[in-house]
$ cat upload35.cif   # mmCIF, C-alpha atoms
data_my_file
loop_
_atom_site.label_atom_id
_atom_site.label_comp_id
_atom_site.auth_asym_id
_atom_site.auth_seq_id
_atom_site.Cartn_x
_atom_site.Cartn_y
_atom_site.Cartn_z
CA MET A 148 -11.84 3.30 -8.83
CA PHE A 149 -11.11 -0.42 -8.51
CA LYS A 150 -11.59 -2.03 -11.91
CA ILE A 151 -11.17 -5.68 -12.92
CA LYS A 152 -11.73 -6.26 -16.62
CA GLU A 153 -14.72 -3.93 -17.21
CA GLU A 154 -16.23 -4.43 -13.75
CA ILE A 155 -15.91 -1.50 -11.33
CA PHE A 156 -15.97 -2.04 -7.56
CA ASP A 157 -16.40 0.59 -4.87
CA ILE A 158 -13.36 0.91 -2.62
CA GLU A 159 -13.93 -0.25 0.95
CA TYR A 160 -10.60 0.90 2.38
CA VAL A 161 -7.07 2.02 1.49
CA CYS A 162 -4.16 1.61 3.91
CA PHE A 163 -0.87 3.27 2.97
CA ASP A 164 1.87 2.87 5.57
CA ALA A 165 5.63 2.34 5.89
CA TRP A 166 8.34 0.57 7.84
CA VAL A 167 12.12 0.82 8.01
CA SER A 168 14.37 -2.02 6.91
CA GLU A 169 17.50 -1.44 8.98
CA GLU A 170 19.25 -4.30 7.16
CA ARG A 171 18.65 -2.77 3.72
CA GLN A 172 18.71 0.85 4.97
CA LEU A 173 15.45 1.66 3.22
CA LEU A 174 12.10 3.18 4.11
CA ILE A 175 9.55 0.81 2.59
CA PHE A 176 6.02 1.92 1.74
CA SER A 177 3.19 -0.64 1.67
CA LEU A 178 -0.28 -0.37 0.16
CA LYS A 179 -3.48 -2.34 0.72
CA VAL A 180 -6.65 -1.58 -1.25
CA ARG A 181 -9.85 -3.58 -0.81
CA GLY A 182 -12.91 -3.26 -3.00
CA GLN A 183 -16.45 -3.95 -1.85
CA GLY A 184 -17.82 -7.34 -2.82
CA LYS A 185 -20.72 -7.80 -5.25
CA GLU A 186 -23.10 -10.72 -4.80
CA ASN A 187 -23.07 -11.68 -8.48
CA ILE A 188 -19.27 -11.55 -8.87
CA PHE A 189 -16.69 -13.70 -7.05
CA ALA A 190 -19.51 -14.96 -4.78
CA GLY A 191 -19.48 -11.65 -2.95
CA SER A 192 -15.80 -11.85 -2.00
CA GLU A 193 -13.91 -8.57 -1.74
CA PRO A 194 -11.19 -8.05 -4.36
CA SER A 195 -7.96 -6.94 -2.70
CA PHE A 196 -4.62 -5.56 -3.88
CA ASN A 197 -1.84 -6.01 -1.33
CA SER A 198 1.77 -4.88 -1.59
CA GLU A 199 3.99 -5.17 1.48
CA ILE A 200 6.90 -3.73 -0.53
CA LEU A 201 5.66 -1.17 -3.02
CA LEU A 202 8.07 1.76 -2.94
CA THR A 203 11.56 1.91 -1.42
CA ILE A 204 13.20 5.16 -0.35
CA LYS A 205 16.90 5.70 0.47
CA PRO A 206 18.09 7.97 3.29
CA GLY A 207 17.92 11.63 2.28
CA GLU A 208 15.87 10.93 -0.86
CA ILE A 209 12.75 12.73 0.42
CA LYS A 210 11.81 14.94 3.39
CA ASN A 211 8.03 14.44 3.58
CA TRP A 212 5.95 11.48 2.52
CA GLN A 213 4.20 13.63 -0.12
CA ASP A 214 7.57 13.94 -1.88
CA ILE A 215 6.84 10.55 -3.44
CA ALA A 216 4.68 12.43 -5.99
CA GLY A 217 6.11 11.74 -9.43
CA LYS A 218 7.63 8.39 -8.45
CA ILE A 219 6.86 5.41 -10.68
CA VAL A 220 7.29 1.73 -9.80
CA GLU A 221 7.24 -0.90 -12.57
CA TRP A 222 7.80 -4.61 -12.99
CA ASP A 223 6.99 -7.04 -15.80
CA ASP A 224 7.14 -10.41 -14.06
CA PHE A 225 6.49 -11.00 -10.39
CA PRO A 226 10.01 -10.79 -8.91
CA ASP A 227 11.77 -13.87 -7.56
CA ASP A 228 13.37 -11.68 -4.90
CA GLU A 229 10.73 -10.88 -2.27
CA ASP A 230 12.74 -7.81 -1.23
CA GLU A 231 11.86 -6.18 -4.57
CA PRO A 232 8.58 -4.27 -5.07
CA HIS A 233 5.72 -6.70 -5.73
CA ALA A 234 2.02 -7.19 -5.07
CA LEU A 235 -0.63 -9.85 -4.76
CA PHE A 236 -4.25 -9.76 -5.85
CA TYR A 237 -6.75 -11.67 -3.73
CA ILE A 238 -10.07 -13.24 -4.61
CA CYS A 239 -10.46 -16.51 -2.68
CA GLU A 240 -6.72 -17.08 -3.17
CA HIS A 241 -3.63 -14.94 -3.67
CA GLU A 242 -2.29 -14.43 -7.18
CA PRO A 243 0.79 -12.41 -8.16
CA VAL A 244 0.30 -9.31 -10.27
CA TYR A 245 2.54 -8.58 -13.25
CA ASN A 246 2.92 -6.11 -16.14
CA THR A 247 2.60 -3.51 -13.41
CA LYS A 248 2.97 0.27 -13.49
CA ILE A 249 2.28 2.28 -10.34
CA GLU A 250 2.37 6.08 -10.31
CA PHE A 251 2.14 8.45 -7.37
CA LYS A 252 0.87 11.93 -8.20
CA LYS A 253 -0.72 14.99 -6.67
CA LEU A 254 -4.14 16.00 -7.98
CA ASN A 255 -5.99 19.00 -6.57
CA GLY A 256 -3.78 18.98 -3.47
CA LYS A 257 -4.40 15.27 -2.76
CA MET A 258 -2.00 12.36 -3.16
CA VAL A 259 -3.24 9.74 -5.61
CA VAL A 260 -1.92 6.32 -6.61
CA LYS A 261 -2.67 4.96 -10.07
CA ILE A 262 -2.12 1.24 -10.69
CA LYS A 263 -2.29 -0.63 -13.99
CA SER A 264 -1.54 -4.31 -13.80
CA SER A 265 -2.47 -7.83 -14.88
CA CYS A 266 -3.30 -10.94 -12.89
CA ASP A 267 -4.59 -14.48 -13.34
CA ILE A 268 -7.87 -15.18 -11.53
CA ASN A 269 -10.96 -17.35 -11.48
CA TRP A 270 -13.62 -15.39 -13.36
CA ASP A 271 -17.11 -16.85 -13.82
CA ASP A 272 -15.89 -20.33 -12.83
CA GLU A 273 -13.12 -20.21 -15.41
CA TYR A 274 -9.46 -19.52 -14.81
CA ALA A 275 -8.51 -16.41 -16.79
CA ASP A 276 -4.98 -15.28 -17.68
CA ASN A 277 -3.80 -11.72 -18.07
CA VAL A 278 -6.89 -10.06 -16.59
CA PRO A 279 -6.50 -6.26 -16.52
CA LEU A 280 -6.57 -4.66 -13.08
CA GLU A 281 -6.75 -0.88 -12.57
CA ILE A 282 -6.90 1.09 -9.35
CA GLU A 283 -6.90 4.85 -8.94
CA THR A 284 -7.53 6.25 -5.50
CA GLU A 285 -6.55 8.94 -3.05
CA ILE A 286 -4.06 7.80 -0.43
CA ASN A 287 -3.44 9.14 3.04
CA PHE A 288 -0.35 8.18 4.97
CA PHE A 289 -1.28 6.23 8.11
CA GLY A 290 2.25 6.21 9.51
CA ILE A 291 5.33 4.14 10.18
CA LEU A 292 5.21 0.83 12.01
CA CYS A 293 8.01 0.53 14.58
CA GLY A 294 7.32 -2.82 16.26
CA THR A 295 7.88 -2.64 20.00
CA ALA A 296 10.38 0.23 19.81
CA THR A 297 10.29 3.13 22.25
CA GLU A 298 9.41 6.62 21.07
CA GLU A 299 13.08 7.60 20.94
CA GLU A 300 13.99 4.44 19.00
CA CYS A 301 11.17 5.06 16.49
CA LYS A 302 12.24 8.64 15.90
CA ASN A 303 15.90 7.70 15.49
CA GLU A 304 14.87 4.99 13.03
CA ILE A 305 13.08 7.38 10.65
CA LYS A 306 15.32 10.46 11.01
CA PRO A 307 17.38 9.52 7.94
CA TYR A 308 14.23 9.28 5.80
CA LEU A 309 11.65 11.88 6.88
CA GLU A 310 11.47 15.07 8.92
CA ILE A 311 10.69 13.83 12.41
CA GLU A 312 8.90 17.01 13.55
CA ASN A 313 5.98 16.06 11.25
CA PHE A 314 5.18 12.94 13.33
CA LYS A 315 3.78 11.98 16.72
CA TYR A 316 4.29 8.74 18.60
CA ILE A 317 1.40 6.46 19.59
CA LYS A 318 0.75 2.77 20.31
CA ASN A 319 -2.11 0.75 18.83
CA LYS A 320 -4.31 -1.66 20.78
CA TYR A 321 -1.80 -4.47 20.20
CA GLY A 322 1.07 -2.45 21.68
CA VAL A 323 2.71 -1.75 18.33
CA SER A 324 4.59 1.54 18.24
CA LEU A 325 3.66 3.94 15.46
CA LEU A 326 4.80 7.30 14.20
CA ILE A 327 1.82 8.99 12.57
CA PRO A 328 1.58 12.37 10.79
CA LYS A 329 0.77 15.13 13.29
CA ASP A 330 -2.16 16.32 11.21
CA SER A 331 -3.79 12.88 10.96
CA ASN A 332 -6.82 11.45 12.73
CA ILE A 333 -5.52 9.19 15.50
CA GLU A 334 -8.69 7.07 15.66
CA THR A 335 -8.64 6.40 11.92
CA ASN A 336 -4.95 5.52 12.02
CA LEU A 337 -5.33 3.19 14.97
CA LEU A 338 -8.22 1.40 13.29
CA ALA A 339 -6.38 0.95 10.00
CA MET A 340 -3.02 0.07 11.51
CA GLY A 341 -4.51 -2.11 14.23
CA GLU A 342 -7.14 -4.03 12.32
CA TYR A 343 -5.66 -4.55 8.87
#

$ encode --input "upload35.cif" --output "C-alpha cells"
Amino acid sequence: MFKIKEEIFDIEYVCFDAWVSEERQLLIFSLKVRGQGKENIFAGSEPSFNSEILLTIKPGEIKNWQDIAGKIVEWDDFPDDEDEPHALFYICEHEPVYNTKIEFKKLNGKMVVKIKSSCDINWDDEYADNVPLEIETEINFFGILCGTATEEECKNEIKPYLEIENFKYIKNKYGVSLLIPKDSNIETNLLAMGEY
C-alpha cells in the first residue's frame, strides 16, 4: 500500500539495501519505494519515498538482516544533521517528510515496513501542508553496497554487523561490488542495485 491522503497507488518497486559507514562505524539501511503514476493525479508522475539513511545498526547489534524486526525509527522534524535518519518524498520535486514513524515487523514469515508520515506537496495545483503519507509493504534485502572494494574487503567491512556466511559477492554492470544474501535472486538484485 502506498497512500497519499485518501489516494492509494500501486507499488512499482521497493529497494531495501545497506552500506557501511566506516567513519561512523555503522551499518546503514536505505529504502526506496516508488508508486505507479496515475494519469489524473500529479500529471502521471510516480510518487516516491526515498531514505538514504533510514536505520542505523551498531557492530554486534544484530546477526541477520531480519533481526531488524521490532525496530522503530521516528522523527518529528526533518533533521538538520544529514547523518541522522531522514527521508524525502518526490512528486516533481523533493520535499522532506516529517512526523514520521517507521516500523519493521515480521508478518507471516515476511519482513514488512510500515511508514506513517507527513509531507508538503502540490496537490491539485495547490500547495498542501501536512499531507498524510502511509506506506506498508514487504521488503526484501537486496544487499550491501561496497563501492569498488574487493571481495575480501567487502566481507571484512560487514563482519562486525552481519554473519558473513549468509552472503555472496558479486559486481553489478557498473562494476560496483555487492554482498547479496545467498538465497536471493541475483538478476533481481543486479537490476535493483544497478538501475535505481

$ residues_around --input "upload35.cif" --residues "Ser265 of chain A" --least-positions-apart "6" --cutoff "9 Å" --atoms "only C-alpha atoms" --output "ChimeraX atom specification"
/A:243-247,276-281

$ closest_atom_pairs --input "upload35.cif" --of "segment 290-328 of chain A" --to "segment 203-211 of chain A" --cutoff "7 Å" --atoms "only C-alpha atoms" --output "CSV"
residue,atom,partner,partner_atom,distance
A:Pro307,CA,A:Pro206,CA,5.0
A:Tyr308,CA,A:Pro206,CA,4.8
A:Leu309,CA,A:Lys210,CA,4.6
A:Glu310,CA,A:Lys210,CA,5.5

$ closest_residue --input "upload35.cif" --among "A:Ile238, A:Lys306, A:Ile317, A:Lys263" --to "Ala190 of chain A" --atoms "all atoms listed in the file"
A:Ile238

$ closest_residue --input "upload35.cif" --among "A:Met258, A:Ile282, A:Ile158, A:Ile215" --to "Lys185 of chain A" --atoms "all atoms listed in the file"
A:Ile158

$ resolve_selection --input "upload35.cif" --expression "the PyMOL selection byres ((chain A and resi 225-230) around 10)" --output "PyMOL selection string"
chain A and resi 171+175+199-201+203+222-224+231-235+242-247

$ decode --input "upload35.cif" --residues "segment 160-171 of chain A" --atoms "all heavy atoms" --output "mmCIF file, in the first residue's frame"
data_model
loop_
_atom_site.group_PDB
_atom_site.id
_atom_site.type_symbol
_atom_site.label_atom_id
_atom_site.label_comp_id
_atom_site.auth_asym_id
_atom_site.auth_seq_id
_atom_site.Cartn_x
_atom_site.Cartn_y
_atom_site.Cartn_z
ATOM 1 N N TYR A 160 8.064 -0.456 -7.315
ATOM 2 C CA TYR A 160 9.217 -1.203 -6.819
ATOM 3 C C TYR A 160 9.589 -0.760 -5.408
ATOM 4 O O TYR A 160 9.247 0.330 -4.967
ATOM 5 C CB TYR A 160 10.425 -1.113 -7.761
ATOM 6 C CG TYR A 160 11.225 0.163 -7.648
ATOM 7 C CD1 TYR A 160 12.212 0.315 -6.665
ATOM 8 C CD2 TYR A 160 11.033 1.205 -8.526
ATOM 9 C CE1 TYR A 160 12.949 1.484 -6.564
ATOM 10 C CE2 TYR A 160 11.765 2.371 -8.439
ATOM 11 C CZ TYR A 160 12.731 2.498 -7.452
ATOM 12 O OH TYR A 160 13.446 3.651 -7.351
ATOM 13 N N VAL A 161 10.298 -1.659 -4.723
ATOM 14 C CA VAL A 161 10.836 -1.403 -3.381
ATOM 15 C C VAL A 161 12.285 -1.848 -3.409
ATOM 16 O O VAL A 161 12.585 -2.970 -3.821
ATOM 17 C CB VAL A 161 10.073 -2.218 -2.311
ATOM 18 C CG1 VAL A 161 10.675 -1.983 -0.936
ATOM 19 C CG2 VAL A 161 8.588 -1.890 -2.330
ATOM 20 N N CYS A 162 13.202 -0.993 -3.006
ATOM 21 C CA CYS A 162 14.617 -1.350 -2.927
ATOM 22 C C CYS A 162 15.104 -1.087 -1.511
ATOM 23 O O CYS A 162 15.118 0.057 -1.052
ATOM 24 C CB CYS A 162 15.437 -0.552 -3.937
ATOM 25 S SG CYS A 162 17.174 -1.040 -3.964
ATOM 26 N N PHE A 163 15.462 -2.153 -0.816
ATOM 27 C CA PHE A 163 15.968 -2.070 0.553
ATOM 28 C C PHE A 163 17.396 -2.595 0.536
ATOM 29 O O PHE A 163 17.634 -3.751 0.205
ATOM 30 C CB PHE A 163 15.073 -2.911 1.478
ATOM 31 C CG PHE A 163 15.404 -2.794 2.932
ATOM 32 C CD1 PHE A 163 15.299 -1.584 3.594
ATOM 33 C CD2 PHE A 163 15.802 -3.910 3.653
ATOM 34 C CE1 PHE A 163 15.588 -1.473 4.938
ATOM 35 C CE2 PHE A 163 16.088 -3.815 5.011
ATOM 36 C CZ PHE A 163 15.983 -2.596 5.650
ATOM 37 N N ASP A 164 18.355 -1.718 0.827
ATOM 38 C CA ASP A 164 19.753 -2.111 0.771
ATOM 39 C C ASP A 164 20.509 -1.479 1.935
ATOM 40 O O ASP A 164 19.910 -0.836 2.798
ATOM 41 C CB ASP A 164 20.373 -1.739 -0.579
ATOM 42 C CG ASP A 164 20.232 -0.256 -0.924
ATOM 43 O OD1 ASP A 164 20.123 0.576 -0.005
ATOM 44 O OD2 ASP A 164 20.234 0.078 -2.118
ATOM 45 N N ALA A 165 21.827 -1.659 1.967
ATOM 46 C CA ALA A 165 22.620 -1.127 3.077
ATOM 47 C C ALA A 165 24.021 -0.773 2.599
ATOM 48 O O ALA A 165 24.447 -1.171 1.513
ATOM 49 C CB ALA A 165 22.694 -2.157 4.208
ATOM 50 N N TRP A 166 24.722 -0.036 3.433
ATOM 51 C CA TRP A 166 26.119 0.308 3.219
ATOM 52 C C TRP A 166 26.762 0.557 4.578
ATOM 53 O O TRP A 166 26.059 0.798 5.568
ATOM 54 C CB TRP A 166 26.260 1.523 2.292
ATOM 55 C CG TRP A 166 25.470 2.730 2.697
ATOM 56 C CD1 TRP A 166 24.135 2.936 2.513
ATOM 57 C CD2 TRP A 166 25.962 3.901 3.362
ATOM 58 N NE1 TRP A 166 23.765 4.170 3.020
ATOM 59 C CE2 TRP A 166 24.874 4.774 3.547
ATOM 60 C CE3 TRP A 166 27.220 4.289 3.812
ATOM 61 C CZ2 TRP A 166 24.988 6.021 4.158
ATOM 62 C CZ3 TRP A 166 27.345 5.532 4.427
ATOM 63 C CH2 TRP A 166 26.240 6.387 4.588
ATOM 64 N N VAL A 167 28.064 0.449 4.631
ATOM 65 C CA VAL A 167 28.780 0.624 5.893
ATOM 66 C C VAL A 167 29.437 1.995 5.915
ATOM 67 O O VAL A 167 30.135 2.375 4.970
ATOM 68 C CB VAL A 167 29.846 -0.474 6.089
ATOM 69 C CG1 VAL A 167 30.700 -0.188 7.327
ATOM 70 C CG2 VAL A 167 29.193 -1.846 6.209
ATOM 71 N N SER A 168 29.197 2.732 6.994
ATOM 72 C CA SER A 168 29.913 3.981 7.227
ATOM 73 C C SER A 168 31.079 3.663 8.152
ATOM 74 O O SER A 168 30.894 3.461 9.352
ATOM 75 C CB SER A 168 28.996 5.026 7.876
ATOM 76 O OG SER A 168 29.768 6.142 8.303
ATOM 77 N N GLU A 169 32.277 3.566 7.561
ATOM 78 C CA GLU A 169 33.457 3.265 8.375
ATOM 79 C C GLU A 169 33.732 4.395 9.360
ATOM 80 O O GLU A 169 34.135 4.159 10.495
ATOM 81 C CB GLU A 169 34.668 3.023 7.473
ATOM 82 C CG GLU A 169 34.554 1.736 6.676
ATOM 83 C CD GLU A 169 35.782 1.474 5.828
ATOM 84 O OE1 GLU A 169 36.858 2.036 6.124
ATOM 85 O OE2 GLU A 169 35.657 0.716 4.857
ATOM 86 N N GLU A 170 33.498 5.622 8.932
ATOM 87 C CA GLU A 170 33.733 6.791 9.788
ATOM 88 C C GLU A 170 32.854 6.755 11.040
ATOM 89 O O GLU A 170 33.325 6.996 12.146
ATOM 90 C CB GLU A 170 33.449 8.070 8.992
ATOM 91 C CG GLU A 170 33.635 9.342 9.776
ATOM 92 C CD GLU A 170 33.253 10.569 8.962
ATOM 93 O OE1 GLU A 170 33.319 10.521 7.722
ATOM 94 O OE2 GLU A 170 32.870 11.572 9.593
ATOM 95 N N ARG A 171 31.581 6.407 10.859
ATOM 96 C CA ARG A 171 30.646 6.394 11.995
ATOM 97 C C ARG A 171 30.535 5.016 12.641
ATOM 98 O O ARG A 171 29.867 4.856 13.635
ATOM 99 C CB ARG A 171 29.268 6.868 11.517
ATOM 100 C CG ARG A 171 29.292 8.307 11.022
ATOM 101 C CD ARG A 171 27.954 8.740 10.486
ATOM 102 N NE ARG A 171 26.923 8.672 11.493
ATOM 103 C CZ ARG A 171 25.632 8.513 11.223
ATOM 104 N NH1 ARG A 171 25.232 8.416 9.970
ATOM 105 N NH2 ARG A 171 24.744 8.460 12.187
#
